[in-house]
Amino acid sequence: MTTLAVVNQKGGVGKTTVALGIAEAACASGLSVLVVDLDPQSNASAGLGVWNGSPNVDDALADPTPGAALAAVTDARWPPEGPCPQLVPGSYALASREPQMAADLVGAQDRLRIALAGVNHDLVLIDCPPSLGLLCINGLFAADRALVVTEPAAWAADGVDLMRSTVSRVAQRQGTPTIAGVVLNRVGRTRDNAYWAQQLVERFGADMLPPVPQRAAIAEASGQSQPLRSLGRRPGAPEAVGAFNELWADLQSRLA
């Protein structure tokens with residue numbers, strides 16, 4: 001089993017979209033996949049067709065019993081004709097869970113790792129919140145590897161550096177996670193996008209994974225709580241499916 005934290009301290013870069021695209025591609029390759037929605041906005045849960053899931057990840061974090069998250073595992077509500085990931089649903093209550101965890105002087109950083117004990121999926125994807133608070137730190141402490149998601153924009157490289165530094169600090173404590181790579185999301189065809197994308201490639205080199213193009217089909221699938229494959233031949237959909245398959249193939253080789 002590999003546990004991958006999908007991270008960026010900046011919101012709006014499409015981190016959840018990338019996590020779900022990877023989940024779909026990994027499922028299509030025959031792996032069992034569990035998505036853990038650690039973001040209070042619960043967008044990953046909505047993208048998988050699950051709203052107000054109960055029990056959820058907040059319940060698991062509140063329970064000190066090892067393996068508490070197992071009771072919250074549910075199936076995605078995607079079309080049944082294709083492979084689907086499973087989910088530990090998010091909860092808006094996570095917003096108040098973080099300050100409560102801060103009062104735990106012994107185990108504040110390990111709650112999620114303990115809750116996931118006994119999970120045996122091939123791939124566990126933790127969709128972390130866009131912050132460097134205790135929820136994100138819990139995601140990193142529970143992970144073997146970390147995937148940094150960014151976009152071709154000014155100051156994006158600085159954000160990646162900050163996230164890499166945070167991952168490194170956690171790894172100094174326990175040996176994991178290590179950086180699996182950096183994925184550039186929402187890559188358009190503009191000159192500005194090309195410039196910032198090149199800056200990121202020059203700065204991070206071999207850490208860069210295959211990019212995800214900016215296509216309306218990706219947002220459409222997320223908005224309809226459907227996998228990309230359900231869009232069939234609609235404009236941009238086959239290209240988006242291919243991009244995530246290529247991303248997953250490269251990422252999987254790094255996780256091996």
# chains A, B, ... in the order shown; residues from 1 in each chain; ligands from 1
call {"tool": "select_by_dssp", "arguments": {"residues": "segment 21-219 of chain A", "states": "alpha helix (DSSP H)", "output": "PyMOL selection string"}}
result
chain A and resi 21-28+43-47+57-62+94-102+111-115+134-141+156-174+191-204+216-219
call {"tool": "write_last_selection", "arguments": {"atoms": "C-alpha atoms", "output": "compact mmCIF listing (two decimals), in the first residue's frame"}}
result
# COMPACT_ATOMS: atom_id res chain seq x y z
CA GLY A 21 -8.14 12.41 -11.80
CA ILE A 22 -5.34 10.28 -10.36
CA ALA A 23 -7.89 8.20 -8.44
CA GLU A 24 -9.81 7.51 -11.65
CA ALA A 25 -6.67 6.60 -13.60
CA ALA A 26 -5.37 4.35 -10.81
CA CYS A 27 -8.73 2.55 -10.58
CA ALA A 28 -8.76 2.07 -14.35
CA ASN A 43 -14.90 18.99 -2.53
CA ALA A 44 -13.39 15.54 -3.08
CA SER A 45 -16.44 13.97 -1.45
CA ALA A 46 -18.78 16.02 -3.66
CA GLY A 47 -16.73 15.10 -6.73
CA VAL A 57 -13.10 11.65 8.57
CA ASP A 58 -13.96 14.05 11.40
CA ASP A 59 -15.47 11.15 13.37
CA ALA A 60 -12.31 9.14 12.71
CA LEU A 61 -10.07 11.95 13.95
CA ALA A 62 -12.16 12.29 17.10
CA LEU A 94 -13.18 19.60 10.32
CA ALA A 95 -12.92 23.38 10.55
CA SER A 96 -13.49 23.16 14.30
CA ARG A 97 -11.57 19.89 14.71
CA GLU A 98 -8.21 21.54 14.05
CA PRO A 99 -8.19 23.80 17.14
CA GLN A 100 -9.40 20.87 19.24
CA MET A 101 -6.50 18.74 18.00
CA ALA A 102 -4.08 21.51 18.91
CA ARG A 111 -4.49 11.31 14.57
CA LEU A 112 -5.01 10.44 10.91
CA ARG A 113 -2.14 7.94 10.74
CA ILE A 114 -3.63 6.05 13.69
CA ALA A 115 -7.15 6.26 12.23
CA LEU A 134 -2.73 20.68 11.74
CA LEU A 135 -5.05 18.98 9.26
CA CYS A 136 -2.46 19.21 6.50
CA ILE A 137 0.28 18.14 8.93
CA ASN A 138 -1.84 15.10 9.86
CA GLY A 139 -2.09 14.24 6.18
CA LEU A 140 1.68 14.43 5.81
CA PHE A 141 2.35 12.37 8.94
CA ALA A 156 3.88 29.42 -7.90
CA ALA A 157 7.48 28.25 -7.53
CA ASP A 158 7.76 29.96 -4.15
CA GLY A 159 4.67 28.09 -2.98
CA VAL A 160 6.14 24.78 -4.13
CA ASP A 161 9.37 25.54 -2.27
CA LEU A 162 7.43 26.28 0.91
CA MET A 163 5.50 23.03 0.62
CA ARG A 164 8.66 21.04 -0.06
CA SER A 165 10.23 22.57 3.03
CA THR A 166 7.25 21.54 5.15
CA VAL A 167 7.39 17.99 3.79
CA SER A 168 11.10 17.86 4.56
CA ARG A 169 10.53 18.97 8.15
CA VAL A 170 7.95 16.23 8.69
CA ALA A 171 10.29 13.68 7.12
CA GLN A 172 13.04 14.71 9.53
CA ARG A 173 10.76 13.68 12.36
CA GLN A 174 9.73 10.24 11.08
CA ARG A 191 2.16 32.75 -23.79
CA ASP A 192 1.92 33.65 -20.10
CA ASN A 193 1.14 30.04 -19.16
CA ALA A 194 4.05 28.81 -21.25
CA TYR A 195 6.43 31.25 -19.57
CA TRP A 196 5.51 30.30 -16.00
CA ALA A 197 5.44 26.61 -16.85
CA GLN A 198 8.98 26.88 -18.19
CA GLN A 199 10.08 28.67 -15.00
CA LEU A 200 8.78 25.78 -12.92
CA VAL A 201 10.44 23.17 -15.13
CA GLU A 202 13.77 24.99 -14.89
CA ARG A 203 13.49 25.28 -11.13
CA PHE A 204 12.32 21.78 -10.23
CA ALA A 216 -13.59 22.51 -19.71
CA ALA A 217 -14.33 18.78 -19.60
CA ILE A 218 -12.35 18.42 -16.37
CA ALA A 219 -14.43 21.06 -14.60
call {"tool": "residues_around", "arguments": {"residues": "Pro210 of chain A", "least_positions_apart": "3", "cutoff": "7 Å", "atoms": "only C-alpha atoms", "output": "PyMOL selection string"}}
result
chain A and resi 183+246-247
call {"tool": "closest_residue", "arguments": {"among": "A:Met1, A:Ile179, A:Val187, A:Ala237", "to": "Leu251 of chain A", "atoms": "only C-alpha atoms"}}
result
A:Ile179
call {"tool": "atom_distance", "arguments": {"atom1": "atom CA of Asp144 of chain A", "atom2": "atom CA of Thr178 of chain A"}}
result
6.7 Å
call {"tool": "closest_residue", "arguments": {"among": "A:Ile126, A:Ala146, A:Ala154, A:Leu209", "to": "Ala180 of chain A", "atoms": "only C-alpha atoms"}}
result
A:Ala146
call {"tool": "select_by_dssp", "arguments": {"residues": "segment 89-150 of chain A", "states": "strand (DSSP E)", "output": "PDB file with N, CA and C atoms, in the first residue's frame"}}
result
ATOM      1  N   LEU A 123      -3.720   1.991  -3.110  1.00  0.00           N
ATOM      2  CA  LEU A 123      -3.355   3.408  -3.108  1.00  0.00           C
ATOM      3  C   LEU A 123      -4.322   4.178  -2.229  1.00  0.00           C
ATOM      4  N   VAL A 124      -3.782   4.949  -1.298  1.00  0.00           N
ATOM      5  CA  VAL A 124      -4.583   5.855  -0.474  1.00  0.00           C
ATOM      6  C   VAL A 124      -4.185   7.274  -0.850  1.00  0.00           C
ATOM      7  N   LEU A 125      -5.152   8.068  -1.303  1.00  0.00           N
ATOM      8  CA  LEU A 125      -4.930   9.464  -1.671  1.00  0.00           C
ATOM      9  C   LEU A 125      -5.538  10.360  -0.602  1.00  0.00           C
ATOM     10  N   ILE A 126      -4.720  11.171   0.047  1.00  0.00           N
ATOM     11  CA  ILE A 126      -5.212  12.094   1.064  1.00  0.00           C
ATOM     12  C   ILE A 126      -5.307  13.478   0.444  1.00  0.00           C
ATOM     13  N   ASP A 127      -6.527  13.979   0.275  1.00  0.00           N
ATOM     14  CA  ASP A 127      -6.732  15.324  -0.261  1.00  0.00           C
ATOM     15  C   ASP A 127      -6.635  16.305   0.900  1.00  0.00           C
ATOM     16  N   ARG A 145       4.374   9.364   0.732  1.00  0.00           N
ATOM     17  CA  ARG A 145       4.863  10.290  -0.286  1.00  0.00           C
ATOM     18  C   ARG A 145       3.934  11.493  -0.331  1.00  0.00           C
ATOM     19  N   ALA A 146       4.441  12.585  -0.922  1.00  0.00           N
ATOM     20  CA  ALA A 146       3.642  13.799  -1.066  1.00  0.00           C
ATOM     21  C   ALA A 146       3.710  14.277  -2.510  1.00  0.00           C
ATOM     22  N   LEU A 147       2.566  14.663  -3.038  1.00  0.00           N
ATOM     23  CA  LEU A 147       2.456  15.197  -4.393  1.00  0.00           C
ATOM     24  C   LEU A 147       2.053  16.660  -4.289  1.00  0.00           C
ATOM     25  N   VAL A 148       2.888  17.549  -4.823  1.00  0.00           N
ATOM     26  CA  VAL A 148       2.613  18.981  -4.771  1.00  0.00           C
ATOM     27  C   VAL A 148       1.936  19.402  -6.069  1.00  0.00           C
ATOM     28  N   VAL A 149       0.780  20.039  -5.948  1.00  0.00           N
ATOM     29  CA  VAL A 149       0.027  20.514  -7.109  1.00  0.00           C
ATOM     30  C   VAL A 149       0.184  22.024  -7.199  1.00  0.00           C
ATOM     31  N   THR A 150       0.470  22.516  -8.392  1.00  0.00           N
ATOM     32  CA  THR A 150       0.583  23.953  -8.580  1.00  0.00           C
ATOM     33  C   THR A 150       0.023  24.322  -9.950  1.00  0.00           C
TER      34      THR A 150
END
call {"tool": "residues_around", "arguments": {"residues": "Arg215 of chain A", "least_positions_apart": "5", "cutoff": "10 Å", "atoms": "only C-alpha atoms", "output": "PyMOL selection string"}}
result
chain A and resi 186-188+220+235-237+239-240
call {"tool": "atom_distance", "arguments": {"atom1": "atom CA of Leu228 of chain A", "atom2": "atom CA of Val241 of chain A"}}
result
6.3 Å
call {"tool": "atom_distance", "arguments": {"atom1": "atom CA of Leu231 of chain A", "atom2": "atom CA of Leu87 of chain A"}}
result
21.9 Å
call {"tool": "closest_residue", "arguments": {"among": "A:Ala117, A:Leu34, A:Pro40, A:Tyr92", "to": "Asp75 of chain A", "atoms": "only C-alpha atoms"}}
result
A:Leu34
call {"tool": "closest_residue", "arguments": {"among": "A:Val13, A:Leu255, A:Leu20, A:Ala93", "to": "Leu184 of chain A", "atoms": "only C-alpha atoms"}}
result
A:Val13
